[in-house]
Every structure is written in C-alpha cells, then in structure tokens.
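Chemist: So I've got this file, query30.cif, and it contains mmCIF, C-alpha atoms:
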```
data_data
#
loop_
_atom_site.label_atom_id
_atom_site.label_comp_id
_atom_site.auth_asym_id
_atom_site.auth_seq_id
_atom_site.Cartn_x
_atom_site.Cartn_y
_atom_site.Cartn_z
CA MET A 211 -4.93 32.01 -24.09
CA THR A 212 -3.21 29.54 -26.41
CA GLY A 213 -0.92 28.50 -23.56
CA ALA A 214 -3.83 27.60 -21.37
CA LEU A 215 -5.54 25.84 -24.26
CA SER A 216 -2.51 23.72 -25.12
CA LEU A 217 -1.97 22.81 -21.47
CA GLY A 218 -5.62 21.92 -21.18
CA LEU A 219 -5.44 19.79 -24.32
CA TYR A 220 -2.33 18.09 -22.98
CA ALA A 221 -4.09 17.35 -19.71
CA VAL A 222 -7.06 15.85 -21.53
CA ALA A 223 -4.85 13.89 -23.93
CA ALA A 224 -2.76 12.51 -21.07
CA GLY A 225 -5.72 11.92 -18.84
CA TRP A 226 -7.60 9.91 -21.46
CA GLY A 227 -4.80 8.61 -23.66
CA LEU A 228 -1.97 7.63 -21.30
CA PRO A 229 -3.58 4.46 -19.90
CA ALA A 230 -3.56 2.82 -23.33
CA LEU A 231 0.01 3.97 -23.97
CA ILE A 232 1.35 2.73 -20.65
CA GLY A 233 -0.43 -0.55 -21.13
CA ARG A 234 1.59 -1.12 -24.25
CA LEU A 235 4.95 -0.33 -22.64
CA ARG A 236 7.43 -3.16 -22.24
CA ALA A 237 8.84 -1.77 -19.02
CA SER A 238 9.96 -3.15 -15.71
CA PRO A 239 7.39 -2.90 -12.90
CA ARG A 240 9.41 -0.13 -11.27
CA VAL A 241 9.38 2.04 -14.40
CA ALA A 242 5.72 1.29 -15.02
CA ILE A 243 4.74 2.38 -11.51
CA ALA A 244 6.84 5.54 -11.84
CA THR A 245 5.20 6.28 -15.19
CA TRP A 246 1.68 5.91 -13.86
CA LEU A 247 2.37 8.18 -10.89
CA ALA A 248 4.35 10.68 -12.96
CA GLY A 249 1.50 10.79 -15.47
CA CYS A 250 -0.95 11.72 -12.74
CA ALA A 251 1.38 14.36 -11.35
CA SER A 252 1.85 15.71 -14.87
CA VAL A 253 -1.88 16.10 -15.46
CA LEU A 254 -2.38 17.79 -12.09
CA VAL A 255 0.41 20.30 -12.77
CA ALA A 256 -0.87 20.92 -16.29
CA VAL A 257 -4.40 21.60 -15.05
CA ALA A 258 -3.13 23.95 -12.34
CA LEU A 259 -0.96 25.86 -14.80
CA ALA A 260 -3.76 26.00 -17.37
CA ALA A 261 -6.04 27.51 -14.73
CA LEU A 262 -3.52 30.16 -13.83
CA GLN A 263 -2.46 31.08 -17.37
CA PRO A 264 -5.49 33.12 -18.53
CA ALA A 265 -5.07 35.39 -15.54
CA PHE A 266 -2.04 37.11 -17.02
CA PRO A 267 -2.16 36.72 -20.80
CA ASP A 268 0.07 39.65 -21.64
CA HIS A 269 3.10 38.43 -19.79
CA ALA A 270 5.20 35.36 -20.53
CA ILE A 271 4.63 32.70 -17.90
CA GLY A 272 7.89 33.14 -16.06
CA ASP A 273 6.85 36.70 -15.52
CA ARG A 274 3.38 35.42 -14.95
CA PHE A 275 4.29 33.79 -11.70
CA ALA A 276 6.13 36.90 -10.66
CA ALA A 277 3.11 38.92 -11.75
CA LEU A 278 0.84 36.55 -9.84
CA VAL A 279 2.90 36.89 -6.71
CA ALA A 280 2.96 40.69 -7.15
CA ALA A 281 -0.79 40.74 -7.69
CA CYS A 282 -1.43 38.63 -4.59
CA SER A 283 0.87 40.72 -2.43
CA SER A 284 -0.65 43.96 -3.68
CA LEU A 285 -4.10 42.52 -3.03
CA LEU A 286 -3.09 41.63 0.48
CA ALA A 287 -1.58 45.08 0.91
CA GLY A 288 -4.93 46.51 -0.08
CA HIS A 289 -3.81 48.03 -3.36
CA ALA A 290 -5.65 47.63 -6.62
CA LEU A 291 -4.59 44.83 -8.98
CA PRO A 292 -2.15 45.80 -11.74
CA PRO A 293 -4.05 46.91 -14.85
CA THR A 294 -3.04 43.88 -16.94
CA ALA A 295 -4.55 41.37 -14.52
CA ARG A 296 -8.22 40.68 -15.05
CA PRO A 297 -9.79 40.19 -11.64
CA LEU A 298 -12.36 37.63 -12.69
CA THR A 299 -9.90 35.37 -14.46
CA VAL A 300 -7.46 35.65 -11.56
CA ALA A 301 -10.21 34.71 -9.13
CA VAL A 302 -11.42 31.80 -11.24
CA GLY A 303 -7.89 30.56 -11.80
CA LEU A 304 -6.99 30.71 -8.15
CA ALA A 305 -10.27 29.07 -7.21
CA MET A 306 -9.64 26.17 -9.57
CA VAL A 307 -6.12 25.67 -8.27
CA GLY A 308 -7.44 25.96 -4.73
CA VAL A 309 -10.03 23.26 -5.35
CA LEU A 310 -7.45 20.96 -6.90
CA VAL A 311 -4.98 21.41 -4.07
CA THR A 312 -7.70 20.92 -1.47
CA ARG A 313 -8.92 17.72 -3.13
CA LEU A 314 -5.38 16.42 -3.25
CA CYS A 315 -4.62 17.21 0.38
CA TRP A 316 -7.95 15.85 1.55
CA ALA A 317 -7.55 12.61 -0.35
CA ALA A 318 -3.97 12.22 0.86
CA VAL A 319 -4.84 12.86 4.49
CA ARG A 320 -7.84 10.54 4.50
CA VAL A 321 -6.04 7.69 2.79
CA CYS A 322 -2.85 7.96 4.85
CA TRP A 323 -4.68 8.33 8.15
CA ALA A 324 -6.94 5.37 7.59
CA ALA A 325 -4.09 3.18 6.39
CA ARG A 326 -1.82 4.04 9.31
CA ARG A 327 -4.52 3.45 11.89
CA GLY A 328 -5.53 0.16 10.30
CA ARG A 329 -1.94 -1.03 10.17
CA ALA A 330 -1.14 -0.07 13.77
CA GLU A 331 -4.31 -1.71 15.01
CA HIS A 332 -3.69 -4.93 13.14
CA ARG A 333 -0.04 -5.05 14.08
CA ARG A 334 -0.88 -4.77 17.78
CA ALA A 335 -3.49 -7.50 17.46
CA VAL A 336 -1.32 -9.90 15.52
CA GLU A 337 1.71 -9.37 17.76
CA LEU A 338 -0.44 -10.51 20.63
CA VAL A 339 -1.41 -13.82 19.06
CA GLY A 340 1.53 -14.57 16.78
CA ARG A 341 4.69 -16.36 17.77
CA PRO A 342 7.84 -14.70 16.49
CA SER A 343 10.04 -17.16 14.64
CA ARG A 344 13.64 -16.04 14.49
CA GLU A 345 14.39 -18.76 11.97
CA LEU A 346 11.76 -17.48 9.56
CA GLY A 347 12.00 -13.82 10.50
CA ALA A 348 8.22 -13.67 10.73
CA LEU A 349 5.29 -13.99 13.10
CA VAL A 350 3.59 -17.37 12.98
CA VAL A 351 -0.12 -17.43 13.74
CA GLU A 352 -1.95 -20.67 14.57
CA HIS A 353 -4.67 -20.58 11.95
CA ALA A 354 -5.86 -23.18 9.47
CA GLU A 355 -6.44 -20.91 6.47
CA PRO A 356 -3.16 -20.52 4.60
CA ALA A 357 -2.06 -16.91 4.39
CA ALA A 358 1.12 -14.91 4.20
CA TYR A 359 1.17 -11.17 4.34
CA CYS A 360 3.05 -8.23 5.72
CA VAL A 361 2.04 -5.21 7.71
CA PRO A 362 4.22 -2.56 6.06
CA GLY A 363 5.52 0.55 7.71
CA ARG A 364 8.43 1.57 9.82
CA ARG A 365 7.88 -1.30 12.25
CA GLY A 366 6.89 -3.66 9.47
CA VAL A 367 6.27 -7.30 10.21
CA VAL A 368 5.71 -10.38 8.07
CA VAL A 369 2.95 -12.74 9.17
CA VAL A 370 2.44 -16.35 8.08
CA THR A 371 -0.25 -18.76 9.26
CA SER A 372 0.36 -22.35 10.31
CA GLY A 373 -1.97 -23.29 7.44
CA ALA A 374 0.45 -21.73 4.97
CA LEU A 375 3.44 -23.46 6.57
CA ALA A 376 1.63 -26.76 6.20
CA ALA A 377 0.86 -26.16 2.52
CA LEU A 378 4.37 -25.14 1.49
CA ASP A 379 7.79 -26.76 1.65
CA ARG A 380 10.81 -25.02 3.17
CA ARG A 381 12.05 -23.42 -0.03
CA GLN A 382 8.59 -22.14 -0.89
CA VAL A 383 8.16 -20.66 2.58
CA ALA A 384 11.51 -18.89 2.29
CA ALA A 385 10.54 -17.52 -1.14
CA VAL A 386 7.15 -16.26 0.07
CA LEU A 387 8.67 -14.58 3.11
CA ALA A 388 11.34 -12.99 0.89
CA HIS A 389 8.57 -11.57 -1.32
CA GLU A 390 6.77 -10.11 1.68
CA ARG A 391 10.02 -8.79 3.11
CA ALA A 392 10.59 -7.03 -0.22
CA HIS A 393 7.30 -5.17 0.30
CA VAL A 394 8.36 -4.03 3.77
CA ASP A 395 11.92 -3.10 2.87
CA GLY A 396 10.88 -1.41 -0.37
CA ARG A 397 8.21 0.60 1.46
CA HIS A 398 5.71 -0.38 -1.19
CA HIS A 399 2.85 0.85 0.93
CA VAL A 400 3.91 4.37 -0.06
CA LEU A 401 3.41 3.50 -3.73
CA LEU A 402 0.07 1.89 -2.99
CA THR A 403 -0.99 4.94 -0.99
CA ALA A 404 0.03 7.29 -3.80
CA ALA A 405 -2.00 5.26 -6.28
CA GLN A 406 -5.01 5.24 -4.00
CA VAL A 407 -4.77 9.01 -3.53
CA ALA A 408 -4.55 9.46 -7.30
CA ALA A 409 -7.67 7.37 -7.79
CA ARG A 410 -9.53 9.56 -5.32
CA VAL A 411 -8.35 12.97 -6.43
CA LEU A 412 -9.78 12.90 -9.97
CA PRO A 413 -11.74 9.64 -10.16
CA TRP A 414 -13.55 10.54 -13.36
CA VAL A 415 -10.30 10.94 -15.30
CA PRO A 416 -9.39 7.52 -16.77
CA LEU A 417 -5.66 7.92 -16.08
CA PHE A 418 -6.19 8.35 -12.35
CA LYS A 419 -8.64 5.53 -12.02
CA ALA A 420 -6.36 3.28 -14.06
CA THR A 421 -3.39 4.19 -11.85
CA GLY A 422 -5.31 3.06 -8.78
CA ALA A 423 -6.11 -0.21 -10.53
CA ALA A 424 -2.70 -0.92 -12.06
CA VAL A 425 -0.24 -0.08 -9.30
CA PRO A 426 -1.22 -2.84 -6.81
CA GLY A 427 -0.56 -5.53 -9.43
CA LEU A 428 2.71 -3.91 -10.46
CA VAL A 429 3.82 -3.76 -6.84
CA GLU A 430 3.35 -7.54 -6.63
CA LEU A 431 5.44 -8.03 -9.76
CA LEU A 432 8.09 -5.79 -8.27
CA ALA A 433 8.25 -7.85 -5.07
CA ASP A 434 8.42 -11.03 -7.17
CA ASP A 435 11.41 -9.56 -9.01
CA VAL A 436 13.17 -8.71 -5.76
CA ALA A 437 12.47 -12.16 -4.30
CA ALA A 438 13.69 -13.75 -7.55
CA ARG A 439 17.15 -12.33 -6.94
CA GLU A 440 17.63 -14.74 -4.02
CA HIS A 441 15.15 -17.49 -4.82
CA ASP A 442 14.39 -19.50 -7.92
CA SER A 443 11.44 -17.90 -9.73
CA CYS A 444 9.99 -21.38 -10.30
CA VAL A 445 9.91 -21.90 -6.55
CA ILE A 446 8.05 -18.60 -6.10
CA ALA A 447 5.58 -19.64 -8.78
CA SER A 448 5.09 -23.06 -7.20
CA ALA A 449 4.46 -21.37 -3.85
CA LEU A 450 1.76 -19.22 -5.48
CA ILE A 451 0.21 -22.30 -7.02
CA ALA A 452 0.41 -24.35 -3.83
CA LEU A 453 -1.20 -21.57 -1.81
CA ALA A 454 -3.93 -21.12 -4.39
CA ARG A 455 -4.66 -24.85 -4.35
CA ALA A 456 -4.65 -24.98 -0.55
CA SER A 457 -7.08 -22.09 -0.14
CA ALA A 458 -10.78 -22.59 -0.32
CA PRO A 459 -12.29 -20.32 -2.96
CA ALA A 460 -13.69 -17.09 -1.56
CA SER A 461 -17.45 -17.13 -1.62
CA THR A 462 -18.06 -13.57 -2.69
CA LEU A 463 -15.24 -11.17 -3.19
CA GLY A 464 -11.92 -12.18 -4.60
CA ALA A 465 -9.36 -9.67 -5.64
CA GLY A 466 -6.24 -11.46 -6.72
CA GLY A 467 -7.19 -13.45 -9.80
CA GLU A 468 -5.78 -11.35 -12.63
CA THR A 469 -2.62 -10.49 -10.78
CA ALA A 470 -2.01 -14.11 -9.78
CA VAL A 471 -2.24 -15.28 -13.39
CA ALA A 472 0.10 -12.53 -14.60
CA ARG A 473 2.59 -13.35 -11.86
CA VAL A 474 2.64 -17.08 -12.61
CA LYS A 475 3.15 -16.45 -16.32
CA ARG A 476 5.92 -13.99 -15.64
CA LEU A 477 7.68 -16.17 -13.09
CA LEU A 478 7.59 -19.31 -15.23
CA SER A 479 8.74 -17.68 -18.44
CA PRO A 480 10.66 -14.63 -17.34
CA THR A 481 11.28 -11.80 -19.77
CA PRO A 482 14.90 -10.74 -20.19
CA PRO A 483 15.93 -7.96 -17.81
CA PRO A 484 15.58 -4.43 -19.15
CA THR A 485 18.57 -3.24 -21.10
CA ARG A 486 20.39 -0.05 -20.27
CA ARG A 487 18.62 1.57 -23.20
CA ASP A 488 15.21 0.50 -21.88
CA ARG A 489 16.05 1.85 -18.45
CA ALA A 490 17.28 5.16 -19.86
CA LEU A 491 14.16 5.54 -22.00
CA GLY A 492 12.00 4.76 -19.00
CA ALA A 493 13.74 7.34 -16.83
CA LEU A 494 13.51 9.85 -19.67
CA GLY A 495 9.79 9.22 -20.07
CA VAL A 496 9.12 9.75 -16.38
CA ALA A 497 11.28 12.88 -16.28
CA TRP A 498 9.48 14.26 -19.35
CA LEU A 499 6.07 13.68 -17.79
CA LEU A 500 7.10 15.43 -14.63
CA THR A 501 8.66 18.48 -16.26
CA ALA A 502 6.81 18.97 -19.57
CA PRO A 503 3.89 21.11 -18.40
CA ALA A 504 6.08 23.45 -16.37
CA THR A 505 8.69 23.67 -19.12
CA ALA A 506 6.06 24.42 -21.75
CA THR A 507 4.73 27.28 -19.71
CA LEU A 508 8.17 28.61 -18.88
CA LEU A 509 9.39 28.39 -22.48
CA PRO A 510 8.00 31.70 -23.77
CA SER A 511 9.59 33.65 -20.95
CA LEU A 512 12.83 31.69 -21.35
CA LEU A 513 12.87 32.49 -25.05
CA SER A 514 12.22 36.14 -24.44
CA CYS A 515 14.88 36.26 -21.74
CA PRO A 516 17.44 38.92 -22.67
CA VAL A 517 20.31 36.50 -22.07
CA ILE A 518 19.11 34.08 -24.74
CA ALA A 519 17.65 36.52 -27.26
CA MET B 252 -2.39 -14.06 26.99
CA ASP B 253 -0.77 -17.34 25.98
CA ARG B 254 -0.49 -18.34 29.61
CA ILE B 255 -4.09 -17.46 30.40
CA TRP B 256 -5.42 -19.21 27.32
CA SER B 257 -3.53 -22.35 28.25
CA TYR B 258 -5.05 -22.56 31.75
CA GLY B 259 -8.65 -23.15 30.77
CA ALA B 260 -9.78 -21.74 34.11
CA PRO B 261 -9.83 -18.30 35.74
CA ALA B 262 -6.41 -17.34 37.10
CA SER B 263 -5.08 -14.74 39.47
CA VAL B 264 -2.12 -12.46 38.85
CA ARG B 265 0.00 -14.58 41.21
CA GLN B 266 -0.76 -17.76 39.30
CA VAL B 267 0.13 -16.15 35.97
CA LEU B 268 3.30 -14.70 37.49
CA GLU B 269 4.36 -18.10 38.78
CA GLY B 270 3.72 -19.60 35.37
CA LEU B 271 5.83 -16.95 33.65
CA GLN B 272 8.69 -17.07 36.19
CA ASP B 273 9.96 -20.23 34.50
CA SER B 274 10.86 -18.38 31.36
CA ARG B 275 11.80 -14.94 32.70
CA THR B 276 12.01 -12.88 35.86
CA LEU B 277 9.11 -10.47 36.23
CA ALA B 278 7.73 -8.34 38.98
CA TYR B 279 4.25 -8.91 40.35
CA THR B 280 3.30 -5.33 39.54
CA THR B 281 4.43 -5.74 35.93
CA VAL B 282 2.19 -8.74 35.39
CA MET B 283 -0.64 -7.03 37.23
CA THR B 284 -0.37 -3.92 35.05
CA VAL B 285 -0.34 -5.94 31.84
CA MET B 286 -3.36 -7.99 32.87
CA ASP B 287 -5.18 -4.84 33.83
CA LYS B 288 -4.44 -3.37 30.39
CA LEU B 289 -5.69 -6.54 28.69
CA HIS B 290 -8.83 -6.25 30.75
CA LYS B 291 -9.31 -2.66 29.60
CA LYS B 292 -8.77 -3.77 26.00
CA GLY B 293 -11.61 -6.21 26.42
CA LEU B 294 -9.55 -9.38 26.10
CA LEU B 295 -9.95 -10.47 29.71
CA ARG B 296 -12.82 -10.35 32.12
CA ARG B 297 -12.38 -10.50 35.84
CA GLN B 298 -14.26 -11.24 39.02
CA PRO B 299 -13.14 -10.35 42.51
CA SER B 300 -11.82 -13.18 44.63
CA GLY B 301 -10.90 -12.02 48.09
CA ARG B 302 -8.54 -9.05 47.71
CA ALA B 303 -7.41 -9.92 44.19
CA TYR B 304 -9.11 -10.60 40.88
CA LEU B 305 -9.48 -13.81 38.94
CA TYR B 306 -9.01 -13.24 35.23
CA GLU B 307 -10.25 -15.31 32.36
CA PRO B 308 -10.24 -14.73 28.61
CA VAL B 309 -13.34 -13.30 26.97
CA VAL B 310 -12.99 -15.52 23.93
CA SER B 311 -10.94 -18.61 23.28
CA GLN B 312 -7.59 -18.23 21.56
CA GLU B 313 -8.94 -19.89 18.43
CA ALA B 314 -11.89 -17.55 18.27
CA HIS B 315 -9.72 -14.54 18.90
CA ILE B 316 -7.27 -15.49 16.16
CA ALA B 317 -10.17 -16.20 13.84
CA GLN B 318 -11.50 -12.71 14.47
CA ILE B 319 -8.16 -11.09 13.69
CA MET B 320 -7.52 -13.24 10.61
CA GLN B 321 -11.03 -12.61 9.29
CA ALA B 322 -10.30 -8.90 9.33
CA ALA B 323 -6.91 -9.43 7.76
CA LEU B 324 -8.03 -11.73 4.96
CA ALA B 325 -11.27 -10.00 4.14
CA GLU B 326 -12.02 -8.29 0.85
CA GLY B 327 -10.40 -5.01 0.07
CA GLY B 328 -7.07 -6.74 0.21
CA ASN B 329 -4.10 -4.90 -1.16
CA ARG B 330 -6.15 -1.91 -2.15
CA THR B 331 -6.73 -0.86 1.43
CA MET B 332 -2.97 -0.75 1.96
CA THR B 333 -3.28 -1.99 5.50
CA LEU B 334 -1.66 -5.28 4.58
CA ILE B 335 0.00 -6.63 1.49
CA HIS B 336 -0.86 -10.27 0.87
CA PHE B 337 1.27 -12.77 -1.00
CA LEU B 338 -1.85 -14.12 -2.65
CA GLU B 339 -5.26 -12.61 -2.20
CA ARG B 340 -8.43 -14.61 -1.94
CA LEU B 341 -9.68 -15.92 -5.25
CA THR B 342 -13.25 -16.56 -6.32
CA PRO B 343 -14.04 -19.98 -7.84
CA ASP B 344 -13.83 -18.43 -11.31
CA GLU B 345 -10.45 -16.94 -10.57
CA HIS B 346 -9.28 -20.28 -9.23
CA ALA B 347 -10.29 -21.94 -12.47
CA THR B 348 -8.60 -19.27 -14.56
CA LEU B 349 -5.40 -19.62 -12.56
CA ASP B 350 -5.47 -23.40 -12.87
CA ALA B 351 -5.91 -23.10 -16.63
CA ALA B 352 -3.08 -20.58 -16.90
CA ILE B 353 -0.80 -22.85 -14.85
CA ARG B 354 -1.57 -25.89 -16.98
CA GLU B 355 -0.95 -23.86 -20.11
CA GLN B 356 2.39 -22.60 -18.80
CA LEU B 357 3.55 -26.00 -17.60
CA GLY B 358 2.36 -27.61 -20.81
CA ASP B 359 4.56 -25.30 -22.86
CA ARG B 360 7.74 -26.13 -20.96
#
```
Show me this structure written as structure tokens.
Modeler:
Amino acid sequence: MTGALSLGLYAVAAGWGLPALIGRLRASPRVAIATWLAGCASVLVAVALAALQPAFPDHAIGDRFAALVAACSSLLAGHALPPTARPLTVAVGLAMVGVLVTRLCWAAVRVCWAARRGRAEHRRAVELVGRPSRELGALVVEHAEPAAYCVPGRRGVVVVTSGALAALDRRQVAAVLAHERAHVDGRHHVLLTAAQVAARVLPWVPLFKATGAAVPGLVELLADDVAAREHDSCVIASALIALARASAPASTLGAGGETAVARVKRLLSPTPPPTRRDRALGALGVAWLLTAPATATLLPSLLSCPVIA
Amino acid sequence: MDRIWSYGAPASVRQVLEGLQDSRTLAYTTVMTVMDKLHKKGLLRRQPSGRAYLYEPVVSQEAHIAQIMQAALAEGGNRTMTLIHFLERLTPDEHATLDAAIREQLGDR
C-alpha cells in the first residue's frame, strides 16, 4: 500500500507543484517543452502504476506485473484468481487505468483528427488563391491585412499576405519566412498537438492545463531561435514590431500579446546560449521525469532480485 | 480560377482553355474536368449555353480570399494547431503593452 501511496503523492506533488518549478527554470525553449511534456507523461504513468499497485500488495512490483498478467490470463482462461490477488482491488485498479487510457486515446484522436482536417482544408483553399513565389519559398496571397503563417504537416506550406510584404522590408520578410519555415521543418505542430492533448486529458490538474498554455509560447521562442541562426535577431524583432504596428488591433479576441512581448525582449537582449552543463541537467531532468515512477515501482523487486541480493 | 476571375464575365471551357494555352499546353478535357470540379466545390456556377456551359465565379476573388483569410486569422490561433502564425492578432491592450515593452527595450540599449 505504501508504494501506491507514494506514487499517488508523487503524482499530486508533480501535478500541482511542477508548474511553479518549471516556470523558474532557466532552460532553452526545447528543454522547457520537453520538461512540460515529460512531466505530464510522468504523472500519467505514476497514476496508472498507483492504481495497479494495491491489487497485488504481497509481491514486489516487478513480480506484480507478472502476477497481473498471470491473473488476467487465468481470468480469461476461466480459472479463479490466485489467492493473493484481491478481486475488488484488481477490478478497481484496472478500471482506473482503463479510464485513463481511454481518456488519453480519445483526446489524442479528437485533437489530431480535427487538426489534420482543418489543415488539409485550409491548405487546399489557400493553394487555390495564393501565388507560389519561388524567390520567397512561400505562397503569396493578395490580401490587405498583414499576416504570415504556415500550415504545418508533411506537405507544409508558408503563407504570406501582400499586406505583410508591404509592411516589411526584404530582410524582415526573409526572417519571418525563416521563422515559419522552422515551424514546418521542426514539425512543431506535433508538440502543439501533444500539449493540447495533455490539456484535455486531465484538465483539472494544474500541470496539464499549464502545459497546454505554456507550450505554444515556447514553440514560438524555439522558432525564433532557429531563425536567429541565419538572421539577425534584431531584424526578427523589428519584423515583429513592424507587423504589430501595421495590424489593426483585434476587436475582441487577441491571443498573442504575452508571447509577443516575451519574444521581443528575448530577441533584443538575448540570453547566452545554454552551456553543456545546462543541457546535460535539462536532459537529466527530462529523463528522470520519464523514468522515476516506473523505477520506483520496480525498485523493490530489483532489490529482492537474487542476482543483486 | 485566376483566369475566370480575371474575365469579369461568364466564360466557356473553350475560352478558358484558349486563355491558358499561352502559358502551357492543356487538353480540353483536362480544363473541363477541373472546371466541373470547381463547380462541384461551389466556387463556380454555370448556365447552359447551347451544348456547353458558361461558367462564372460565385464570389469575387477578393471576397473569396477574404473568406479564407478570415478563417485563418480568426481567434483560436496557434492553439488550434491548424496554422502557426508569426504574430497573432493583438487586442488594443496587448498592442499598448507591446509598444511599452518595445520602448523600454530600445530605451535601454
């Protein structure tokens, strides 16, 4: 029972405490995104393991999975459960895991399906009205409102309106298109999808909701970083500013304010690149999050393994 | 579609074909099939004229683009993962905040 309790406590601690911790990290966008997603995965695994643990309290967890498999197979074969397994706790545990897995799959399917359909639809529509520009490597659409965006995916395309081309000079246009290209080439829509799925799977857990909110902004910072390899970060910032100034304010819903401010600050006074130590710590943190719950549950059986003892 | 939008008057498949021949070689049936598809998609309407049809666009090019862009630039933005914008739409407050942040940054340099 203590195993389940500690896993449960870990899940709660991570679910409610990680957002504040991650917020205080001085990490690159890539590491931050990985940490958010790994944190969510960690909590999900911990909850699943916690649900399964009470079912077989007498065995160490390594055996537990074997015992679980044996119990399921004997159930299916029509035999009685082994005497150490308590039917009610097994049922409850399996039910909880079942619910979690179902929620995850359902959220994933809904989000992915809707996103793919929306992207395909828009791509078809914009390919019909946009003029491909080989020089820019993008589709140009005759439209007054300045806008630059990409439709990510396997057949990703970058779209820029004539309004945006009018508002920006050549270097700014190149920088903006490089940023959007970074989204397409980096397949950032996968990260955004994962974050959206996380936000839907356990929306009442702060970590998951915060992941859904944080990842889109981090993805923008990531693309800025990639674009900054080829283009002056001041040019990227000036493009952001020029586009902001050229756009009429949205009457009701705006979504980009906070991110835009963070990006400008970061582009105009860039932080030094992460050191090797920072990167190693980041990778370690992500790896720990992903493996800790499983390792904790496997530890008793590992310790009692005849080879080690 | 470009060709048809530029005419400003209903056009037959033959007329569109002749207009396109300048830039590339196409078969009559190819053009006819494409125009038929556009009609099914609701972008063109047609009326019979003798043995053929005369096609014209349902909405003007401007209006059509406006429709598509409206969907693309609407709220939801990056969170719907359909598109990823370089800069999403900002409310007046967000505009002001950004302006202030910019001035602060540039003032420090």
Chemist: Restrict the distance test to all atoms listed in the file, flag each residue of chain B within 12 Å of chain A, and return the flagged residues as a PyMOL selection string.
Modeler: chain B and resi 252-254+256+289+292+294+311-360
Chemist: What separation in Å, quoted to one decimal, exists between atom CA of Val302 of chain A and atom CA of Ala408 of chain A?
Modeler: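 Interatomic distance here is 23.7 Å.
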Chemist: Quick one, how far is atom CA of Arg344 of chain A from atom CA of Met283 of chain B?
Modeler: 28.3 Å
Chemist: Please write as a PyMOL selection string the full residue list that the PyMOL selection byres ((chain A and resi 232) around 10) yields on this file.
Modeler: chain A and resi 227-231+233-237+242-243+245-246+249+417
Chemist: Expanded to explicit residues, what is the PyMOL selection byres ((chain B and resi 308) around 6) for this file, as a ChimeraX atom specification?
Modeler: /B:294-295,307,309-310
Chemist: Take the residues from that selection and put them in a file with C-alpha atoms, as a PDB file, in the frame of the given file.
Modeler:
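New file selection_16.pdb:
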```
ATOM      1  CA  LEU B 294      -9.550  -9.380  26.100  1.00  0.00           C
ATOM      2  CA  LEU B 295      -9.950 -10.470  29.710  1.00  0.00           C
ATOM      3  CA  GLU B 307     -10.250 -15.310  32.360  1.00  0.00           C
ATOM      4  CA  VAL B 309     -13.340 -13.300  26.970  1.00  0.00           C
ATOM      5  CA  VAL B 310     -12.990 -15.520  23.930  1.00  0.00           C
TER       6      VAL B 310
END
```
Chemist: What's the separation between atom CA of Trp498 of chain A and atom CA of Gly225 of chain A, in Å to one decimal place?
Modeler: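 Answer for the atom CA of Trp498 of chain A to atom CA of Gly225 of chain A separation: 15.4 Å.
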Chemist: Show me, as a VMD selection string, the residues that have an atom within 10 Å of Thr212 of chain A when counting all atoms listed in the file, minus same-chain residues fewer than 2 positions from it.
Modeler: chain A and resid 214 to 218 260 263 to 264 267
Chemist: Go ahead and save the picked residues with C-alpha atoms, as a PDB file, keeping the file's coordinate frame.
Modeler:
```
ATOM      1  CA  ALA A 214      -3.830  27.600 -21.370  1.00  0.00           C
ATOM      2  CA  LEU A 215      -5.540  25.840 -24.260  1.00  0.00           C
ATOM      3  CA  SER A 216      -2.510  23.720 -25.120  1.00  0.00           C
ATOM      4  CA  LEU A 217      -1.970  22.810 -21.470  1.00  0.00           C
ATOM      5  CA  GLY A 218      -5.620  21.920 -21.180  1.00  0.00           C
ATOM      6  CA  ALA A 260      -3.760  26.000 -17.370  1.00  0.00           C
ATOM      7  CA  GLN A 263      -2.460  31.080 -17.370  1.00  0.00           C
ATOM      8  CA  PRO A 264      -5.490  33.120 -18.530  1.00  0.00           C
ATOM      9  CA  PRO A 267      -2.160  36.720 -20.800  1.00  0.00           C
TER      10      PRO A 267
END
```
Chemist: If the PyMOL selection byres ((chain A and resi 484) around 12) were run on this exact file, what residues would it hold? Put them as a ChimeraX atom specification.
Modeler: /A:235-241,480-483,485-492
Chemist: Box for segment 471-488 of chain A: with edges along x, y and z, all listed atoms inside and 3 Å added on each side, what are the centre and edge lengths in Å to one decimal, as AutoDock Vina command-line options?
Modeler:
```
--center_x 9.1 --center_y -8.9 --center_z -17.5 --size_x 28.6 --size_y 26.9 --size_z 17.3
```
Chemist: Give the answer as one residue: which of B:Ser263, B:Gly293, B:Leu268, B:Tyr304 has the shortest atom-to-atom distance to Thr281 of chain B, using all atoms listed in the file?
Modeler: B:Leu268
Chemist: I'd like the contact shell of Leu271 of chain B - 10 Å cut-off, all atoms listed in the file, skipping same-chain residues fewer than 5 positions apart - returned as a ChimeraX atom specification.
Modeler: /B:254,265-266,276-277,282
